[in-house]
$ cat entry_16.txt   # compact mmCIF, C-alpha atoms
# COMPACT_ATOMS: atom_id res chain seq x y z
CA MET U 4 -3.46 21.99 15.86
CA TRP U 5 -1.17 23.67 18.40
CA GLY U 6 1.88 25.30 16.86
CA SER U 7 0.73 24.94 13.27
CA GLY U 8 1.06 28.49 11.99
CA SER U 9 -2.35 30.14 12.24
CA GLY U 10 -3.69 27.11 14.11
CA TYR U 11 -5.57 25.47 11.24
CA GLN U 12 -4.17 23.23 8.54
CA TYR U 13 -6.35 21.43 6.04
CA GLU U 14 -4.37 18.23 6.57
CA ASP U 15 -5.22 18.12 10.28
CA THR U 16 -7.58 15.40 11.48
CA THR U 17 -8.29 16.67 14.99
CA ILE U 18 -9.49 19.89 16.62
CA HIS U 19 -8.20 20.92 20.04
CA ALA U 20 -10.13 24.17 20.44
CA PHE U 21 -11.56 27.22 18.69
CA PHE U 22 -9.57 30.39 19.44
CA HIS U 23 -10.05 34.06 18.79
CA SER U 24 -7.00 35.69 17.32
CA SER U 25 -4.51 34.81 14.62
CA LYS U 26 -1.57 36.44 12.93
CA GLY U 27 -1.53 34.31 9.81
CA GLN U 28 1.73 32.42 9.83
CA TRP U 29 2.69 33.29 13.39
CA GLY U 30 0.61 32.17 16.30
CA LEU U 31 -1.43 34.23 18.75
CA GLY U 32 -4.53 32.10 19.46
CA HIS U 33 -6.27 33.80 22.41
CA VAL U 34 -8.94 32.14 24.58
CA PRO U 35 -9.16 28.56 23.21
CA ILE U 36 -12.67 27.13 23.73
CA MET U 37 -13.93 23.58 23.14
CA PRO U 38 -17.41 22.10 23.72
CA PHE U 39 -17.50 18.53 24.96
CA THR U 40 -19.47 15.88 26.80
CA GLY U 41 -18.41 12.92 28.91
CA GLU U 42 -15.02 12.71 30.57
CA ILE U 43 -11.69 14.19 29.43
CA THR U 44 -8.17 14.75 30.73
CA ALA U 45 -5.91 17.73 30.23
CA ASP U 46 -3.83 15.58 27.88
CA ASN U 47 -6.70 14.14 25.88
CA TYR U 48 -9.65 16.27 24.80
CA ALA U 49 -9.21 16.83 21.04
CA SER U 50 -11.89 15.56 18.68
CA ARG U 51 -11.59 14.06 15.24
CA TYR U 52 -13.48 15.72 12.40
CA SER U 53 -14.03 15.27 8.68
CA HIS U 54 -14.03 17.88 5.93
CA GLU U 55 -17.21 16.21 4.69
CA ASN U 56 -18.92 17.55 7.83
CA GLU U 57 -17.31 20.99 7.75
CA SER U 58 -18.27 24.22 6.00
CA ALA U 59 -16.72 27.67 5.86
CA GLU U 60 -17.97 30.94 4.43
CA VAL U 61 -17.11 34.57 5.05
CA GLY U 62 -18.39 35.26 8.54
CA TYR U 63 -19.39 31.65 9.30
CA TYR U 64 -17.72 28.36 10.21
CA GLN U 65 -19.26 24.96 11.02
CA VAL U 66 -17.78 21.60 11.92
CA PHE U 67 -19.09 18.36 13.47
CA LEU U 68 -16.99 17.10 16.38
CA GLU U 69 -17.07 13.33 15.97
CA ARG U 70 -15.80 12.43 19.43
CA TYR U 71 -18.61 14.32 21.18
CA GLY U 72 -21.41 14.32 18.61
CA ILE U 73 -21.54 18.11 18.76
CA ASN U 74 -22.23 20.41 15.82
CA ALA U 75 -20.16 23.58 16.33
CA GLU U 76 -20.97 26.86 14.55
CA MET U 77 -19.27 30.24 14.83
CA THR U 78 -19.63 33.77 13.52
CA SER U 79 -18.24 37.17 14.53
CA THR U 80 -18.34 40.93 14.44
CA MET U 81 -15.27 43.17 14.51
CA ARG U 82 -14.65 42.75 18.25
CA CYS U 83 -16.88 39.85 19.28
CA ALA U 84 -17.43 36.15 18.67
CA TYR U 85 -20.65 34.12 18.66
CA HIS U 86 -20.48 30.34 19.30
CA LYS U 87 -23.40 27.94 18.83
CA TYR U 88 -23.03 24.32 19.99
CA THR U 89 -25.74 21.72 19.33
CA TYR U 90 -25.35 18.69 21.60
CA ARG U 91 -27.05 15.33 21.23
CA THR U 92 -30.30 14.99 23.16
CA GLY U 93 -29.60 13.78 26.69
CA ASP U 94 -25.86 14.52 26.66
CA GLU U 95 -24.31 16.64 29.38
CA LYS U 96 -23.41 20.09 28.06
CA LYS U 97 -19.87 21.04 28.96
CA LEU U 98 -17.37 23.61 27.74
CA LEU U 99 -13.65 23.97 28.39
CA LEU U 100 -11.39 26.99 28.23
CA ASN U 101 -7.68 26.28 28.00
CA LEU U 102 -6.50 29.68 29.20
CA SER U 103 -3.10 28.27 30.15
CA ARG U 104 -2.25 27.83 26.47
CA MET U 105 -2.03 29.90 23.28
CA ASN U 106 -0.88 28.96 19.81
CA SER U 107 2.09 31.29 20.19
CA VAL U 108 2.86 30.32 23.81
CA ARG U 109 4.00 26.90 24.97
CA ALA U 110 1.73 24.85 27.19
CA GLY U 111 1.41 26.37 30.64
CA GLY U 112 3.13 29.60 29.63
CA ALA U 113 0.16 31.93 29.30
CA ARG U 114 -0.83 34.45 31.97
CA TRP U 115 -4.56 34.25 32.65
CA THR U 116 -7.49 35.03 34.93
CA PHE U 117 -11.04 33.69 35.09
CA ASN U 118 -14.08 35.01 36.98
CA ARG U 119 -17.71 33.93 37.19
CA VAL U 120 -19.88 37.04 36.99
CA ASP U 121 -23.35 35.48 37.40
CA GLU U 122 -25.20 32.29 36.47
CA ASN U 123 -24.92 33.03 32.74
CA THR U 124 -21.76 35.14 32.53
CA PHE U 125 -18.01 34.79 32.95
CA SER U 126 -15.01 36.98 32.20
CA GLY U 127 -11.24 36.98 32.33
CA SER U 128 -8.00 37.63 30.52
CA GLN U 129 -5.23 35.86 28.68
CA ASN U 130 -1.92 37.66 28.28
CA ASP U 131 -2.84 41.01 26.70
CA ILE U 132 -6.51 40.36 25.80
CA TYR U 133 -9.63 40.57 27.96
CA PHE U 134 -12.97 38.83 27.44
CA TYR U 135 -16.56 39.02 28.68
CA ALA U 136 -18.86 36.12 27.77
CA VAL U 137 -22.62 35.61 28.13
CA SER U 138 -24.34 32.23 27.66
CA ASN U 139 -28.00 31.58 26.89
CA ASN U 140 -27.80 28.51 29.17
CA LYS U 141 -27.38 28.68 32.93
CA ILE U 142 -23.94 27.63 34.17
CA ASN U 143 -24.58 25.07 36.88
CA SER U 144 -21.00 24.73 38.07
CA ILE U 145 -17.36 25.40 37.21
CA ASP U 146 -14.37 23.21 37.97
CA SER U 147 -10.98 22.40 36.43
CA VAL U 148 -8.87 19.59 35.01
CA LYS U 149 -5.08 19.83 35.31
CA ASN U 150 -1.81 18.21 34.40
CA ASP U 151 1.70 19.40 35.22
CA ARG U 152 1.57 22.11 32.53
CA GLU U 153 -2.02 23.08 31.76
CA THR U 154 -5.24 23.95 33.55
CA LEU U 155 -8.56 23.49 31.74
CA THR U 156 -11.47 25.52 33.13
CA ILE U 157 -14.64 23.42 32.80
CA LEU U 158 -18.16 24.88 32.59
CA HIS U 159 -21.18 22.61 33.23
CA PHE U 160 -24.42 23.89 31.72
CA ALA U 161 -28.01 23.22 32.72
CA ASP U 162 -29.88 20.35 31.10
CA GLY U 163 -32.15 21.04 28.13
CA ASN U 164 -32.46 20.47 24.42
CA SER U 165 -31.56 23.96 23.19
CA PRO U 166 -28.07 24.60 21.77
CA VAL U 167 -25.54 26.41 23.93
CA GLU U 168 -25.02 29.89 22.51
CA LEU U 169 -22.08 31.94 23.75
CA LYS U 170 -21.52 35.61 22.96
CA ILE U 171 -18.01 36.90 23.74
CA GLY U 172 -16.68 40.44 23.65
CA PHE U 173 -12.94 41.11 23.48
CA SER U 174 -10.74 44.07 24.32
CA PHE U 175 -7.04 44.87 24.65
CA VAL U 176 -7.88 47.44 27.35
CA SER U 177 -10.07 45.86 30.06
CA ILE U 178 -12.88 43.44 30.88
CA ASP U 179 -15.26 46.39 31.19
CA LYS U 180 -14.38 47.47 27.63
CA ALA U 181 -14.86 43.89 26.42
CA LYS U 182 -18.37 44.04 27.91
CA LYS U 183 -19.07 47.38 26.22
CA ASN U 184 -17.86 46.01 22.87
CA LEU U 185 -20.23 43.06 23.29
CA GLU U 186 -23.15 45.31 24.18
CA ALA U 187 -22.48 47.55 21.19
CA GLU U 188 -21.96 44.89 18.53
CA MET U 189 -23.78 41.68 19.42
CA MET U 190 -25.64 41.41 22.73
CA ASN U 191 -29.19 41.77 21.38
CA LYS U 192 -28.70 39.91 18.10
CA SER U 193 -29.47 36.34 17.07
CA PHE U 194 -26.90 33.97 15.59
CA ALA U 195 -28.55 34.16 12.15
CA GLN U 196 -28.60 37.95 12.30
CA VAL U 197 -24.87 38.18 13.04
CA VAL U 198 -24.10 35.70 10.23
CA ASN U 199 -26.16 37.76 7.77
CA GLU U 200 -24.50 41.01 8.82
CA ALA U 201 -21.03 39.47 8.46
CA GLU U 202 -21.88 38.19 4.99
CA GLU U 203 -23.22 41.60 4.01
CA THR U 204 -20.09 43.34 5.29
CA TRP U 205 -17.81 41.07 3.26
CA GLU U 206 -20.05 41.20 0.19
CA ASN U 207 -19.86 45.01 0.20
CA LEU U 208 -16.09 44.86 0.51
CA LEU U 209 -15.34 42.11 -2.01
CA SER U 210 -17.76 43.54 -4.57
CA LYS U 211 -15.61 46.65 -4.86
CA ILE U 212 -13.69 44.66 -7.45
CA GLN U 213 -15.72 43.17 -10.31
CA VAL U 214 -14.12 40.58 -12.58
CA THR U 215 -15.26 39.28 -15.95
CA GLY U 216 -14.20 36.33 -18.07
CA GLY U 217 -12.50 33.19 -16.88
CA THR U 218 -14.17 30.19 -15.26
CA GLU U 219 -16.14 29.90 -12.04
CA LYS U 220 -13.06 28.27 -10.49
CA HIS U 221 -10.95 31.30 -11.51
CA LYS U 222 -13.47 33.63 -9.86
CA ARG U 223 -13.61 31.58 -6.67
CA THR U 224 -9.82 31.63 -6.51
CA PHE U 225 -9.70 35.38 -7.09
CA TYR U 226 -12.26 36.29 -4.43
CA SER U 227 -10.85 33.79 -1.94
CA CYS U 228 -7.43 35.40 -2.31
CA LEU U 229 -8.93 38.89 -2.07
CA TYR U 230 -10.73 37.86 1.12
CA ARG U 231 -7.51 36.59 2.70
CA ALA U 232 -5.54 39.65 1.59
CA LEU U 233 -7.97 41.87 3.49
CA GLN U 234 -7.88 39.97 6.80
CA TYR U 235 -4.84 41.70 8.28
CA PRO U 236 -3.85 44.10 9.91
CA ALA U 237 -6.42 43.54 12.66
CA LEU U 238 -8.50 46.14 14.47
CA ARG U 239 -7.19 46.67 18.01
CA SER U 240 -9.17 49.63 19.40
CA ASP U 241 -12.51 49.41 21.22
CA VAL U 242 -15.84 50.80 20.03
CA ASP U 243 -15.07 54.03 21.90
CA GLY U 244 -11.65 54.35 20.23
CA GLU U 245 -9.49 53.38 23.23
CA TYR U 246 -6.47 51.09 22.88
CA THR U 247 -3.21 50.33 24.66
CA ASP U 248 -0.03 51.82 23.19
CA PRO U 249 3.38 50.03 23.15
CA ARG U 250 4.10 51.34 26.65
CA GLY U 251 0.83 49.92 28.02
CA ASN U 252 -0.90 53.29 28.35
CA VAL U 253 -4.61 53.51 27.50
CA VAL U 254 -5.06 56.21 24.87
CA ASN U 255 -7.70 57.42 22.41
CA LYS U 256 -6.67 59.26 19.26
CA GLY U 257 -10.10 59.36 17.67
CA PHE U 258 -9.51 56.79 14.92
CA ASP U 259 -9.58 53.02 14.48
CA TYR U 260 -6.23 51.71 15.68
CA TYR U 261 -4.78 48.65 13.90
CA THR U 262 -2.16 46.08 14.83
CA SER U 263 1.38 46.37 13.56
CA ASN U 264 1.69 45.24 9.95
CA ASN U 265 4.66 43.22 8.79
CA TYR U 266 5.54 45.08 5.59
CA TRP U 267 8.09 42.54 4.47
CA ASP U 268 6.78 41.18 1.14
CA THR U 269 3.44 42.99 1.48
CA TRP U 270 4.32 46.66 0.97
CA SER U 271 4.49 46.41 -2.83
CA CYS U 272 1.33 44.38 -3.45
CA LYS U 273 -1.09 43.57 -0.63
CA MET U 274 -0.88 46.97 1.07
CA VAL U 275 -1.21 48.76 -2.27
CA LEU U 276 -4.35 46.70 -2.89
CA LEU U 277 -5.67 47.65 0.55
CA GLY U 278 -5.12 51.31 -0.29
CA MET U 279 -7.13 50.92 -3.50
CA VAL U 280 -10.19 49.20 -2.01
CA GLU U 281 -10.15 50.68 1.52
CA PRO U 282 -8.37 54.07 1.50
CA GLU U 283 -9.88 55.29 4.80
CA LEU U 284 -8.90 52.08 6.57
CA THR U 285 -5.41 52.29 5.05
CA ASN U 286 -5.09 55.85 6.33
CA ASN U 287 -5.87 54.55 9.83
CA VAL U 288 -3.25 51.80 9.42
CA ILE U 289 -0.70 54.54 8.65
CA ARG U 290 -1.88 56.62 11.61
CA SER U 291 -1.48 53.54 13.82
CA ASP U 292 2.09 53.03 12.60
CA ILE U 293 2.94 56.64 13.32
CA GLU U 294 1.46 56.42 16.83
CA ARG U 295 3.59 53.33 17.56
CA ALA U 296 6.64 55.15 16.23
CA LYS U 297 6.08 57.88 18.82
CA SER U 298 6.92 55.26 21.44
CA THR U 299 9.77 53.51 19.60
CA GLY U 300 11.23 56.29 17.45
CA TYR U 301 10.97 54.17 14.30
CA LEU U 302 8.46 53.08 11.73
CA SER U 303 7.80 49.36 11.56
CA SER U 304 10.37 47.65 9.35
CA GLY U 305 10.00 43.90 9.60
CA PHE U 306 13.03 41.63 9.26
CA HIS U 307 15.16 43.78 6.94
CA GLY U 308 14.68 46.88 4.82
CA ASP U 309 12.51 49.95 5.35
CA PHE U 310 9.40 48.81 3.55
CA SER U 311 7.06 50.94 5.64
CA THR U 312 8.77 54.06 4.26
CA ALA U 313 8.09 52.94 0.70
CA PHE U 314 4.50 52.08 1.62
CA LEU U 315 3.77 55.44 3.26
CA THR U 316 5.38 57.31 0.37
CA GLY U 317 3.38 55.34 -2.17
CA MET U 318 0.11 55.95 -0.36
CA TYR U 319 0.88 59.68 -0.11
CA LEU U 320 1.51 59.84 -3.86
CA ARG U 321 -1.81 58.02 -4.45
CA GLY U 322 -3.68 60.68 -2.47
CA ILE U 323 -3.96 59.10 1.00
CA ARG U 324 -2.62 61.99 3.08
CA ASP U 325 -4.79 62.46 6.18
CA PHE U 326 -1.98 61.63 8.59
CA ASP U 327 0.89 63.41 10.32
CA VAL U 328 3.25 63.68 7.34
CA GLU U 329 5.97 65.55 9.24
CA SER U 330 6.15 62.90 11.95
CA ALA U 331 6.12 60.14 9.34
CA TYR U 332 9.10 61.78 7.60
CA ARG U 333 10.99 62.21 10.88
CA PHE U 334 10.55 58.54 11.83
CA ALA U 335 11.42 57.39 8.31
CA LEU U 336 14.61 59.44 8.61
CA ASN U 337 15.41 57.60 11.85
CA ASN U 338 14.93 54.31 10.02
CA ALA U 339 17.44 55.39 7.42
CA THR U 340 20.07 57.09 9.57
CA VAL U 341 20.03 55.78 13.17
CA SER U 342 22.03 52.62 13.69
CA ALA U 343 20.80 49.43 15.30
CA GLU U 344 23.21 50.05 18.18
CA LYS U 345 21.07 53.06 19.12
CA GLY U 346 17.92 51.07 19.32
CA LYS U 347 16.68 50.56 15.78
CA ARG U 348 14.73 47.35 15.30
CA GLY U 349 14.52 45.67 11.92
CA GLY U 350 15.87 47.30 8.78
CA ARG U 351 19.19 48.60 7.68
$ encode --input "entry_16.txt" --output "structure tokens"
Amino acid sequence: MWGSGSGYQYEDTTIHAFFHSSKGQWGLGHVPIMPFTGEITADNYASRYSHENESAEVGYYQVFLERYGINAEMTSTMRCAYHKYTYRTGDEKKLLLNLSRMNSVRAGGARWTFNRVDENTFSGSQNDIYFYAVSNNKINSIDSVKNDRETLTILHFADGNSPVELKIGFSFVSIDKAKKNLEAEMMNKSFAQVVNEAEETWENLLSKIQVTGGTEKHKRTFYSCLYRALQYPALRSDVDGEYTDPRGNVVNKGFDYYTSNNYWDTWSCKMVLLGMVEPELTNNVIRSDIERAKSTGYLSSGFHGDFSTAFLTGMYLRGIRDFDVESAYRFALNNATVSAEKGKRGGR
């Protein structure tokens, strides 16, 4: 549902689209995609669904779209998404992209581009993310449906009984890098193979903590919470290490670059947990914060207080030290001594 936090609420009864980025409580929602058949308008294309015909696991999601009789399945790698849509026999296979809208941007407010590359491939951008998508089905034609605020890009696929499978690479740098991410992570893999690899990745991560005692419900609750705690920050750099810095420059520092983390409420618990189960990743999160500070002059604060300083200090004392400590100290000092009037954002 548009505008509903991360875009999904259990109480919702309709689905407008499947999108490809989320920041938990606050928006994002890049590249919304929806399979459909029949006729739609730009004001009316959502489908009802039931939780009885929905399933979700780590690395896999499935839901039956009642309006269109389509079974939708999705999985992912670190930088790519894999969609699989099974239509009813004889139905026209169509797909819409609402690039004029994001969950964090009002209708019609997104900046976007769309290009057809060949009969199976399309690419484009939405605000600060680029995509490159390859379909197993030939794209017969492309048109659009509009209202006074939004433009839906409509793809018409060739007839046939096979599901439509769509592999999409993403990048914050360029369409070419989105293509390279797709080629590196997913291009030559089947849907089942990507699902299995995603499950294996999460199993290896979640199994770093073993619990005993309690009920099965307690264990499900524990591992569900652990799974959600480890979903953010998000990886932002490409497979070759390139990313865009706060000034829009393309740089490569030789490590995995992560999105800015809101330390408010998380520095004392979630981020400490991340440091315990994924110390190398946590070190890269710290490196990413320091790189951003080189552009802004300050470590990320978030609302009020200098929680990032406490987080970095705690990680250093726990032995995570493979970062530029002198720069971290200098930026932390700015957080503590340079007033908001001189450009400080966030804390006091």
$ closest_residue --input "entry_16.txt" --among "U:Asn199, U:Met81, U:Leu277, U:Ile293" --to "Glu329 of chain U" --atoms "all atoms listed in the file"
U:Ile293
$ closest_residue --input "entry_16.txt" --among "U:Tyr261, U:Tyr11, U:Trp115, U:Phe67" --to "Gln234 of chain U" --atoms "only C-alpha atoms"
U:Tyr261
$ residues_around --input "entry_16.txt" --residues "Arg70 of chain U" --least-positions-apart "2" --cutoff "8 Å" --atoms "only C-alpha atoms" --output "list of chain:residue names"
U:Ser50, U:Arg51, U:Leu68, U:Gly72
$ closest_atom_pairs --input "entry_16.txt" --of "segment 45-107 of chain U" --to "segment 12-26 of chain U" --cutoff "9 Å" --atoms "only C-alpha atoms" --output "tab-separated table"
residue	atom	partner	partner_atom	distance
U:Tyr48	CA	U:His19	CA	6.8
U:Ala49	CA	U:His19	CA	4.3
U:Ser50	CA	U:Thr17	CA	5.3
U:Arg51	CA	U:Thr17	CA	4.2
U:Tyr52	CA	U:Thr17	CA	5.9
U:Ser53	CA	U:Thr16	CA	7.0
U:His54	CA	U:Tyr13	CA	8.5
U:Leu68	CA	U:Ile18	CA	8.0
U:Cys83	CA	U:His23	CA	9.0
U:Ala84	CA	U:His23	CA	7.7
U:Leu99	CA	U:Ala20	CA	8.7
U:Leu100	CA	U:Ala20	CA	8.4
U:Asn101	CA	U:Ala20	CA	8.2
U:Met105	CA	U:Phe22	CA	8.5
U:Asn106	CA	U:Ser25	CA	8.6
$ closest_residue --input "entry_16.txt" --among "U:Asn338, U:Val34, U:Tyr230, U:Val288" --to "Thr204 of chain U" --atoms "only C-alpha atoms"
U:Tyr230
$ residues_around --input "entry_16.txt" --residues "Ser240 of chain U" --least-positions-apart "4" --cutoff "12 Å" --atoms "all atoms listed in the file" --output "PDB file with C-alpha atoms, keeping the file's coordinate frame"
ATOM      1  CA  MET U  81     -15.270  43.170  14.510  1.00  0.00           C
ATOM      2  CA  ARG U  82     -14.650  42.750  18.250  1.00  0.00           C
ATOM      3  CA  ILE U 132      -6.510  40.360  25.800  1.00  0.00           C
ATOM      4  CA  PHE U 173     -12.940  41.110  23.480  1.00  0.00           C
ATOM      5  CA  SER U 174     -10.740  44.070  24.320  1.00  0.00           C
ATOM      6  CA  PHE U 175      -7.040  44.870  24.650  1.00  0.00           C
ATOM      7  CA  VAL U 176      -7.880  47.440  27.350  1.00  0.00           C
ATOM      8  CA  SER U 177     -10.070  45.860  30.060  1.00  0.00           C
ATOM      9  CA  LYS U 180     -14.380  47.470  27.630  1.00  0.00           C
ATOM     10  CA  ALA U 181     -14.860  43.890  26.420  1.00  0.00           C
ATOM     11  CA  ASN U 184     -17.860  46.010  22.870  1.00  0.00           C
ATOM     12  CA  GLY U 244     -11.650  54.350  20.230  1.00  0.00           C
ATOM     13  CA  GLU U 245      -9.490  53.380  23.230  1.00  0.00           C
ATOM     14  CA  TYR U 246      -6.470  51.090  22.880  1.00  0.00           C
ATOM     15  CA  THR U 247      -3.210  50.330  24.660  1.00  0.00           C
ATOM     16  CA  ASP U 248      -0.030  51.820  23.190  1.00  0.00           C
ATOM     17  CA  VAL U 253      -4.610  53.510  27.500  1.00  0.00           C
ATOM     18  CA  VAL U 254      -5.060  56.210  24.870  1.00  0.00           C
ATOM     19  CA  ASN U 255      -7.700  57.420  22.410  1.00  0.00           C
ATOM     20  CA  LYS U 256      -6.670  59.260  19.260  1.00  0.00           C
ATOM     21  CA  GLY U 257     -10.100  59.360  17.670  1.00  0.00           C
ATOM     22  CA  PHE U 258      -9.510  56.790  14.920  1.00  0.00           C
ATOM     23  CA  ASP U 259      -9.580  53.020  14.480  1.00  0.00           C
ATOM     24  CA  TYR U 260      -6.230  51.710  15.680  1.00  0.00           C
ATOM     25  CA  TYR U 261      -4.780  48.650  13.900  1.00  0.00           C
ATOM     26  CA  THR U 262      -2.160  46.080  14.830  1.00  0.00           C
ATOM     27  CA  ASN U 287      -5.870  54.550   9.830  1.00  0.00           C
ATOM     28  CA  VAL U 288      -3.250  51.800   9.420  1.00  0.00           C
ATOM     29  CA  SER U 291      -1.480  53.540  13.820  1.00  0.00           C
TER      30      SER U 291
END
$ residues_around --input "entry_16.txt" --residues "Lys211 of chain U" --least-positions-apart "4" --cutoff "10 Å" --atoms "only C-alpha atoms" --output "VMD selection string"
chain U and resid 206 to 207 279 to 281
$ write_last_selection --input "entry_16.txt" --atoms "C-alpha atoms" --output "PDB file, in the frame of the given file"
ATOM      1  CA  GLU U 206     -20.050  41.200   0.190  1.00  0.00           C
ATOM      2  CA  ASN U 207     -19.860  45.010   0.200  1.00  0.00           C
ATOM      3  CA  MET U 279      -7.130  50.920  -3.500  1.00  0.00           C
ATOM      4  CA  VAL U 280     -10.190  49.200  -2.010  1.00  0.00           C
ATOM      5  CA  GLU U 281     -10.150  50.680   1.520  1.00  0.00           C
TER       6      GLU U 281
END
$ closest_residue --input "entry_16.txt" --among "U:Ile142, U:Ala335, U:Ala161, U:Ala237" --to "Gly308 of chain U" --atoms "only C-alpha atoms"
U:Ala335
$ build_atoms --input "entry_16.txt" --residues "segment 67-86 of chain U" --atoms "N, CA and C atoms" --output "compact mmCIF listing (two decimals), in the coordinates of the input"
# COMPACT_ATOMS: atom_id res chain seq x y z
N PHE U 67 -18.52 19.37 12.58
CA PHE U 67 -19.09 18.36 13.47
C PHE U 67 -17.96 17.67 14.21
N LEU U 68 -18.02 17.71 15.55
CA LEU U 68 -16.99 17.10 16.38
C LEU U 68 -17.38 15.65 16.63
N GLU U 69 -16.68 14.73 15.97
CA GLU U 69 -17.07 13.33 15.97
C GLU U 69 -16.99 12.69 17.36
N ARG U 70 -15.98 13.04 18.11
CA ARG U 70 -15.80 12.43 19.43
C ARG U 70 -16.98 12.71 20.36
N TYR U 71 -17.57 13.90 20.24
CA TYR U 71 -18.61 14.32 21.18
C TYR U 71 -20.00 14.39 20.56
N GLY U 72 -20.11 14.20 19.26
CA GLY U 72 -21.41 14.32 18.61
C GLY U 72 -21.99 15.71 18.68
N ILE U 73 -21.13 16.71 18.63
CA ILE U 73 -21.54 18.11 18.76
C ILE U 73 -21.34 18.82 17.43
N ASN U 74 -22.37 19.56 17.00
CA ASN U 74 -22.23 20.41 15.82
C ASN U 74 -21.86 21.82 16.29
N ALA U 75 -20.68 22.28 15.89
CA ALA U 75 -20.16 23.58 16.33
C ALA U 75 -20.28 24.60 15.20
N GLU U 76 -20.83 25.77 15.52
CA GLU U 76 -20.97 26.86 14.55
C GLU U 76 -20.44 28.14 15.18
N MET U 77 -19.83 28.99 14.35
CA MET U 77 -19.27 30.24 14.83
C MET U 77 -19.45 31.37 13.82
N THR U 78 -19.63 32.57 14.34
CA THR U 78 -19.63 33.77 13.52
C THR U 78 -19.02 34.89 14.35
N SER U 79 -18.92 36.09 13.79
CA SER U 79 -18.24 37.17 14.53
C SER U 79 -18.64 38.53 14.02
N THR U 80 -18.35 39.53 14.84
CA THR U 80 -18.34 40.93 14.44
C THR U 80 -16.89 41.39 14.51
N MET U 81 -16.64 42.68 14.50
CA MET U 81 -15.27 43.17 14.51
C MET U 81 -14.55 42.88 15.82
N ARG U 82 -15.29 42.89 16.94
CA ARG U 82 -14.65 42.75 18.25
C ARG U 82 -15.27 41.64 19.09
N CYS U 83 -16.15 40.85 18.52
CA CYS U 83 -16.88 39.85 19.28
C CYS U 83 -17.01 38.54 18.51
N ALA U 84 -17.22 37.47 19.26
CA ALA U 84 -17.43 36.15 18.67
C ALA U 84 -18.75 35.58 19.17
N TYR U 85 -19.38 34.76 18.32
CA TYR U 85 -20.65 34.12 18.66
C TYR U 85 -20.49 32.63 18.37
N HIS U 86 -20.57 31.79 19.43
CA HIS U 86 -20.48 30.34 19.30
C HIS U 86 -21.86 29.73 19.48
